[in-house]
Amino acid sequence: MEKLKMHSPDLTQDNIVRIRDLFPGCVTEAKSEDGRVKLAVDFDQLRQELADSIVEGPQERYHLNWPGKREALLAANAPIAKTLRPCREESVNFDSTKNLFIEGDNLDALKLLQENYLGKVKMIYIDPPYNTGKDFIYKDSFASGQITHEVSSGERSEEGARLVANPEGNGRFHSNWLTMIAPRIRLAKNMLTQDGAIFVSCDEGEHPRLRLLMDEAFGQSNFVADMVWAAGRKNDSRLVSVSHEYIVCYARDVEYLRSKQITWRQRKKGLDEIYSQYERLKRQFGQDFKAMTDGMKEWYRSLSDSHPSKAHKHYAHVDQRGIYFPDNISWPGGGGPKYEVIHPITKKPVKVPSRGWMTSDPKRLQEWIDDDRVHFGEDENSVPCIKSYLKDKEQQTPYSVFYQDGRAASKRLRALMDGDLFDFPKDELVLQEVVEMLTEKDDIIVDFFAGSSTTAHSVMLQNATDGGNRRFVMVQLDEKAKEDSAAYQAGFKTIPEVSRERIRRAGKSVIGGACHAGWNKDIGFRVLKVDTSNMADVYYAPDALEKPNLDMFVDNIKPDRTAEDLLFQVMLDWGVDLALPIAKETIQGKEVFFVDGNALAACFDARSGIDEAFVKELAKRQPLRVVFRDAGFKDSAVKINVEQIFKSLSPSTEVKCI
């Protein structure tokens, strides 16, 4: 019976397979240092295939390079034998939620999630360390040459999962920052849907290098925009007061967006206040539309120029359909048709627009007039207008430059968390607009520099607004809170603890307000923690086991691991969505997990031994996949017959063991 590999994908081998698809003659088989046969690239043959298109040696070329780039690429591709262990006690609605909170190094997490979320994530937003000389960056350890067993089994140095200082005194090393961010960007790209996009917050310090790095990873043609966030004036500079940040945006495939005519839109700000004023005037004046129009104009005049509703002051007229703007009724570009149109009050021909009417059919224009969709002046001396209703124009193309007070998010988070537990948190309302413009329905949003989990908050806010059931995946390093920090004083020992508490409180706050009827109100999250593999070293290197020690390994699973731990590693290995519902049943006295009904059945119960009667009963359920514990069978005869039983009773079931 075939065993699951129980480690993250080897992306180097995947890349070689892609080369083989293009150039079959350039890929061969070779023995690695551990004696295993694997695919390898014949670069001499590939060189001949590419001929004049090779750039090498001192030949000039346009590219981004830095000390550590090679190691960064190795880090992105190297497999790891780690897992995600479920933590029910720190989760919210573990059994029913579709959201995930992953605690651990985000490079490990991204590798582990590759098969589960390959091409399934609509939006990625990250706010990585800005490399200001005062903050910290991730420091990864790399394996050069052949990946050793110690690395593949998760035995890495302590440095490989920690934050390290990158101080300004060290020259504010750009290379350290690039080496950290590059493998994470490459892995993240694989997770995006074809119509997906990534948004990366940064300041001017690393912005130039981030753009070059993103060009290399995504292709320059997939650059969408630098969104410039003006967060308010500062008076802390002797030269120029820098009061903005960037959100750099790249699409997974811009050409696909064009071919499918996909557009990004967001709801205009200030509309709710306008509609509220309209309702107040309606209660006051009833059907007196002139009085309501005068009231709307007066209300707009009373607003400050910075009020978001002020930008829509041209929508001040009211009729039986609602609020409208008298828009241009002339032919675009000029040269349009000119014919006589009668004013409904004076019964005289009105002034014809210089560019002609917007429709060449006089009957059609008359239908609009009869339906009260044309706005006339007091007499025939003015050109009529077409009524453009606010309810039909609520969406707009997002602007690349926007203002949002940078202090507002800190104030709201302070009130939510009863203290300043995070410095400079991102604004959940800004991110909500990004979520709104790109995603819908059941889309997945990932943030692998979760911090205070602002992204999760914004996803819940948008779901409550439009009734979508978007899902979030947050990843946060298991970073300890400093003992002199407000978070530590408030009882939080780690940053993930604060992050999860923010989601809990934000969820309660969102669900306590106005919620769209279509939203499933999922404010929970499943906590999973990055850890070493559940499998003992003998699972990965059985040949290395000395015979005198064979009796020590009756089982190949670490003794401190639970059946649910094993289930999630199997789900990772098989590429099953980690947020699917899990049910537990007892069949003939043995505990069996069923994931999403019959998507996966797993039995790790080794207490009484798996026999043929149990296997036949399980096969009748016809699961798509089934996995057993290698040491769980009653005897070798049962283990041999398992596949034959499933071929007979459930031939489409894929059977494996661990």
# chains A, B, ... in the order shown; residues from 1 in each chain; ligands from 1

$ residues_around --residues "Arg561 in chain A" --least-positions-apart "2" --cutoff "12 Å" --atoms "only C-alpha atoms" --output "PyMOL selection string"
chain A and resi 83-86+531-536+556-559+563-569+604

$ write_last_selection --atoms "N, CA and C atoms" --output "PDB file, in the first residue's frame"
ATOM      1  N   THR A  83       4.313  20.128   9.830  1.00  0.00           N
ATOM      2  CA  THR A  83       2.871  19.945   9.772  1.00  0.00           C
ATOM      3  C   THR A  83       2.168  21.101  10.460  1.00  0.00           C
ATOM      4  N   LEU A  84       0.847  21.100  10.363  1.00  0.00           N
ATOM      5  CA  LEU A  84       0.003  22.050  11.085  1.00  0.00           C
ATOM      6  C   LEU A  84      -0.819  21.253  12.092  1.00  0.00           C
ATOM      7  N   ARG A  85      -0.662  21.583  13.363  1.00  0.00           N
ATOM      8  CA  ARG A  85      -1.391  20.869  14.408  1.00  0.00           C
ATOM      9  C   ARG A  85      -2.583  21.702  14.877  1.00  0.00           C
ATOM     10  N   PRO A  86      -3.767  21.103  14.932  1.00  0.00           N
ATOM     11  CA  PRO A  86      -4.958  21.843  15.366  1.00  0.00           C
ATOM     12  C   PRO A  86      -4.915  22.172  16.842  1.00  0.00           C
ATOM     13  N   ASP A 531       4.427  22.967  13.286  1.00  0.00           N
ATOM     14  CA  ASP A 531       5.231  22.146  14.190  1.00  0.00           C
ATOM     15  C   ASP A 531       6.020  21.136  13.363  1.00  0.00           C
ATOM     16  N   THR A 532       6.938  20.426  14.015  1.00  0.00           N
ATOM     17  CA  THR A 532       7.658  19.360  13.334  1.00  0.00           C
ATOM     18  C   THR A 532       6.671  18.272  12.930  1.00  0.00           C
ATOM     19  N   SER A 533       7.073  17.454  12.002  1.00  0.00           N
ATOM     20  CA  SER A 533       6.199  16.405  11.499  1.00  0.00           C
ATOM     21  C   SER A 533       5.709  15.493  12.615  1.00  0.00           C
ATOM     22  N   ASN A 534       4.520  14.914  12.414  1.00  0.00           N
ATOM     23  CA  ASN A 534       4.005  13.916  13.346  1.00  0.00           C
ATOM     24  C   ASN A 534       4.753  12.594  13.226  1.00  0.00           C
ATOM     25  N   MET A 535       5.486  12.440  12.126  1.00  0.00           N
ATOM     26  CA  MET A 535       6.137  11.181  11.839  1.00  0.00           C
ATOM     27  C   MET A 535       7.549  11.153  12.424  1.00  0.00           C
ATOM     28  N   ALA A 536       7.934  10.026  12.990  1.00  0.00           N
ATOM     29  CA  ALA A 536       9.289   9.851  13.502  1.00  0.00           C
ATOM     30  C   ALA A 536      10.273   9.828  12.337  1.00  0.00           C
ATOM     31  N   ASN A 556       5.612   4.316  13.642  1.00  0.00           N
ATOM     32  CA  ASN A 556       6.445   5.380  13.073  1.00  0.00           C
ATOM     33  C   ASN A 556       5.889   6.769  13.372  1.00  0.00           C
ATOM     34  N   ILE A 557       5.001   6.874  14.344  1.00  0.00           N
ATOM     35  CA  ILE A 557       4.370   8.143  14.698  1.00  0.00           C
ATOM     36  C   ILE A 557       4.855   8.574  16.083  1.00  0.00           C
ATOM     37  N   LYS A 558       5.146   9.847  16.223  1.00  0.00           N
ATOM     38  CA  LYS A 558       5.628  10.347  17.502  1.00  0.00           C
ATOM     39  C   LYS A 558       4.583  10.120  18.594  1.00  0.00           C
ATOM     40  N   PRO A 559       4.996   9.729  19.762  1.00  0.00           N
ATOM     41  CA  PRO A 559       4.045   9.321  20.816  1.00  0.00           C
ATOM     42  C   PRO A 559       3.163  10.435  21.341  1.00  0.00           C
ATOM     43  N   ALA A 563      -4.774  11.725  17.149  1.00  0.00           N
ATOM     44  CA  ALA A 563      -5.373  11.314  15.878  1.00  0.00           C
ATOM     45  C   ALA A 563      -5.742  12.532  15.039  1.00  0.00           C
ATOM     46  N   GLU A 564      -6.188  13.622  15.696  1.00  0.00           N
ATOM     47  CA  GLU A 564      -6.541  14.830  14.949  1.00  0.00           C
ATOM     48  C   GLU A 564      -5.297  15.504  14.373  1.00  0.00           C
ATOM     49  N   ASP A 565      -4.169  15.413  15.077  1.00  0.00           N
ATOM     50  CA  ASP A 565      -2.900  15.889  14.516  1.00  0.00           C
ATOM     51  C   ASP A 565      -2.607  15.161  13.207  1.00  0.00           C
ATOM     52  N   LEU A 566      -2.745  13.850  13.247  1.00  0.00           N
ATOM     53  CA  LEU A 566      -2.471  13.040  12.056  1.00  0.00           C
ATOM     54  C   LEU A 566      -3.425  13.396  10.925  1.00  0.00           C
ATOM     55  N   LEU A 567      -4.694  13.628  11.268  1.00  0.00           N
ATOM     56  CA  LEU A 567      -5.683  13.953  10.251  1.00  0.00           C
ATOM     57  C   LEU A 567      -5.290  15.206   9.484  1.00  0.00           C
ATOM     58  N   PHE A 568      -4.859  16.240  10.200  1.00  0.00           N
ATOM     59  CA  PHE A 568      -4.528  17.487   9.506  1.00  0.00           C
ATOM     60  C   PHE A 568      -3.269  17.355   8.660  1.00  0.00           C
ATOM     61  N   GLN A 569      -2.315  16.526   9.079  1.00  0.00           N
ATOM     62  CA  GLN A 569      -1.147  16.321   8.216  1.00  0.00           C
ATOM     63  C   GLN A 569      -1.532  15.549   6.963  1.00  0.00           C
ATOM     64  N   PHE A 604      -7.068   6.079  12.403  1.00  0.00           N
ATOM     65  CA  PHE A 604      -5.737   5.949  12.992  1.00  0.00           C
ATOM     66  C   PHE A 604      -5.787   5.120  14.283  1.00  0.00           C
TER      67      PHE A 604
END

$ residues_around --residues "range 355-359 of chain A" --least-positions-apart "3" --cutoff "9 Å" --atoms "only C-alpha atoms" --output "short mmCIF file (atom, residue, chain, number, x, y, z; two decimals) with N, CA, C and O atoms, in the first residue's frame"
data_model
loop_
_atom_site.label_atom_id
_atom_site.label_comp_id
_atom_site.auth_asym_id
_atom_site.auth_seq_id
_atom_site.Cartn_x
_atom_site.Cartn_y
_atom_site.Cartn_z
N ASN A 328 -25.46 65.09 -18.76
CA ASN A 328 -25.37 65.51 -20.16
C ASN A 328 -26.21 64.60 -21.06
O ASN A 328 -26.10 63.37 -21.00
N ILE A 329 -27.02 65.19 -21.90
CA ILE A 329 -27.91 64.44 -22.79
C ILE A 329 -27.45 64.51 -24.24
O ILE A 329 -28.17 64.08 -25.15
N SER A 330 -26.23 65.04 -24.48
CA SER A 330 -25.77 65.24 -25.86
C SER A 330 -24.98 64.05 -26.39
O SER A 330 -24.51 63.20 -25.64
N TRP A 331 -24.82 64.03 -27.70
CA TRP A 331 -24.12 62.95 -28.40
C TRP A 331 -22.62 63.01 -28.08
O TRP A 331 -22.00 64.05 -28.21
N PRO A 332 -22.00 61.87 -27.66
CA PRO A 332 -20.57 61.89 -27.32
C PRO A 332 -19.71 62.28 -28.52
O PRO A 332 -19.87 61.74 -29.62
N GLY A 333 -18.84 63.23 -28.35
CA GLY A 333 -17.90 63.60 -29.40
C GLY A 333 -18.43 64.60 -30.41
O GLY A 333 -17.67 65.14 -31.21
N GLY A 334 -19.70 64.87 -30.41
CA GLY A 334 -20.27 65.83 -31.36
C GLY A 334 -20.76 65.18 -32.64
O GLY A 334 -20.50 64.00 -32.92
N GLY A 335 -21.47 65.95 -33.44
CA GLY A 335 -21.99 65.46 -34.72
C GLY A 335 -23.22 64.60 -34.59
O GLY A 335 -23.56 63.85 -35.51
N GLY A 336 -23.91 64.70 -33.47
CA GLY A 336 -25.08 63.88 -33.25
C GLY A 336 -26.33 64.46 -33.91
O GLY A 336 -26.33 65.57 -34.45
N PRO A 337 -27.44 63.72 -33.88
CA PRO A 337 -28.69 64.15 -34.53
C PRO A 337 -29.32 65.35 -33.83
O PRO A 337 -29.21 65.50 -32.61
N LYS A 338 -29.97 66.19 -34.63
CA LYS A 338 -30.65 67.37 -34.10
C LYS A 338 -32.09 67.37 -34.60
O LYS A 338 -32.34 67.30 -35.80
N TYR A 339 -33.01 67.42 -33.67
CA TYR A 339 -34.42 67.45 -34.01
C TYR A 339 -35.16 68.19 -32.91
O TYR A 339 -34.62 68.49 -31.85
N VAL A 352 -31.52 72.93 -28.47
CA VAL A 352 -30.90 71.66 -28.85
C VAL A 352 -29.42 71.69 -28.46
O VAL A 352 -28.73 72.69 -28.68
N PRO A 362 -35.94 59.96 -32.27
CA PRO A 362 -36.78 60.91 -31.53
C PRO A 362 -37.84 60.22 -30.66
O PRO A 362 -38.18 60.69 -29.58
N ARG A 364 -37.54 57.37 -29.11
CA ARG A 364 -36.92 56.87 -27.88
C ARG A 364 -36.76 57.99 -26.87
O ARG A 364 -37.01 57.81 -25.67
N LEU A 365 -36.33 59.16 -27.32
CA LEU A 365 -36.18 60.30 -26.41
C LEU A 365 -37.53 60.69 -25.83
O LEU A 365 -37.63 61.02 -24.64
#

$ closest_residue --among "A:Val473, A:Met227, A:Asp14, A:Lys584" --to "Gly597 in chain A" --atoms "only C-alpha atoms"
A:Lys584

$ closest_residue --among "A:Arg500, A:Arg280, A:His244, A:Arg186" --to "Val527 in chain A" --atoms "only C-alpha atoms"
A:Arg500

$ select_by_dssp --residues "range 55-126 of chain A" --states "alpha helix (DSSP H)" --output "list in words"
Lys69, Arg70, Glu71, Ala72, Leu73, Leu74, Ala75, Ala76, Asn77, Asn106, Leu107, Asp108, Ala109, Leu110, Lys111 and Leu112 of chain A

$ closest_residue --among "A:Pro129, A:Cys657, A:Ala230, A:Met191" --to "Trp574 in chain A" --atoms "only C-alpha atoms"
A:Cys657

$ closest_residue --among "A:Val374, A:Ser485, A:Ile369, A:Asp466" --to "Phe422 in chain A" --atoms "only C-alpha atoms"
A:Ser485

$ select_by_dssp --residues "range 372-424 of chain A" --states "strand (DSSP E)" --output "short mmCIF file (atom, residue, chain, number, x, y, z; two decimals) with N, CA, C and O atoms, in the first residue's frame"
data_model
loop_
_atom_site.label_atom_id
_atom_site.label_comp_id
_atom_site.auth_asym_id
_atom_site.auth_seq_id
_atom_site.Cartn_x
_atom_site.Cartn_y
_atom_site.Cartn_z
N VAL A 374 -36.20 62.69 -18.02
CA VAL A 374 -35.50 63.85 -18.58
C VAL A 374 -35.79 65.06 -17.70
O VAL A 374 -36.93 65.33 -17.33
N HIS A 375 -34.74 65.77 -17.33
CA HIS A 375 -34.84 66.94 -16.48
C HIS A 375 -34.90 68.20 -17.35
O HIS A 375 -33.96 68.48 -18.10
N CYS A 385 -31.64 67.75 -19.60
CA CYS A 385 -30.61 66.80 -19.15
C CYS A 385 -31.24 65.43 -18.91
O CYS A 385 -32.44 65.32 -18.65
N ILE A 386 -30.41 64.41 -18.99
CA ILE A 386 -30.89 63.07 -18.67
C ILE A 386 -30.69 62.84 -17.17
O ILE A 386 -29.68 63.27 -16.60
N LYS A 387 -31.65 62.23 -16.50
CA LYS A 387 -31.56 62.01 -15.07
C LYS A 387 -30.66 60.80 -14.78
O LYS A 387 -30.92 59.69 -15.25
N SER A 388 -29.61 61.05 -14.02
CA SER A 388 -28.68 59.98 -13.61
C SER A 388 -28.88 59.75 -12.12
O SER A 388 -28.55 60.62 -11.31
N TYR A 389 -29.42 58.60 -11.76
CA TYR A 389 -29.81 58.34 -10.38
C TYR A 389 -28.64 57.80 -9.55
O TYR A 389 -27.86 56.96 -10.02
N GLN A 395 -21.17 52.64 -7.65
CA GLN A 395 -19.84 52.07 -7.80
C GLN A 395 -18.93 52.99 -8.60
O GLN A 395 -19.38 53.72 -9.48
N GLN A 396 -17.63 52.93 -8.28
CA GLN A 396 -16.66 53.72 -9.01
C GLN A 396 -15.35 52.95 -9.14
O GLN A 396 -15.08 52.03 -8.37
N VAL A 401 -4.85 57.29 -5.48
CA VAL A 401 -4.47 58.15 -4.37
C VAL A 401 -5.70 58.37 -3.49
O VAL A 401 -6.76 58.72 -3.99
N PHE A 402 -5.56 58.14 -2.21
CA PHE A 402 -6.70 58.33 -1.31
C PHE A 402 -6.20 58.82 0.04
O PHE A 402 -5.04 58.62 0.42
N TYR A 403 -7.08 59.48 0.77
CA TYR A 403 -6.75 59.99 2.10
C TYR A 403 -7.53 59.24 3.16
O TYR A 403 -8.73 58.99 3.01
#

$ closest_residue --among "A:Leu390, A:Ala464, A:Leu239, A:Ile582" --to "His516 in chain A" --atoms "only C-alpha atoms"
A:Ala464

$ atom_distance --atom1 "CA of Trp229 in chain A" --atom2 "CA of Leu178 in chain A"
23.0 Å

$ closest_residue --among "A:Ile640, A:Leu528, A:Leu22, A:Ala311" --to "Val655 in chain A" --atoms "only C-alpha atoms"
A:Ile640
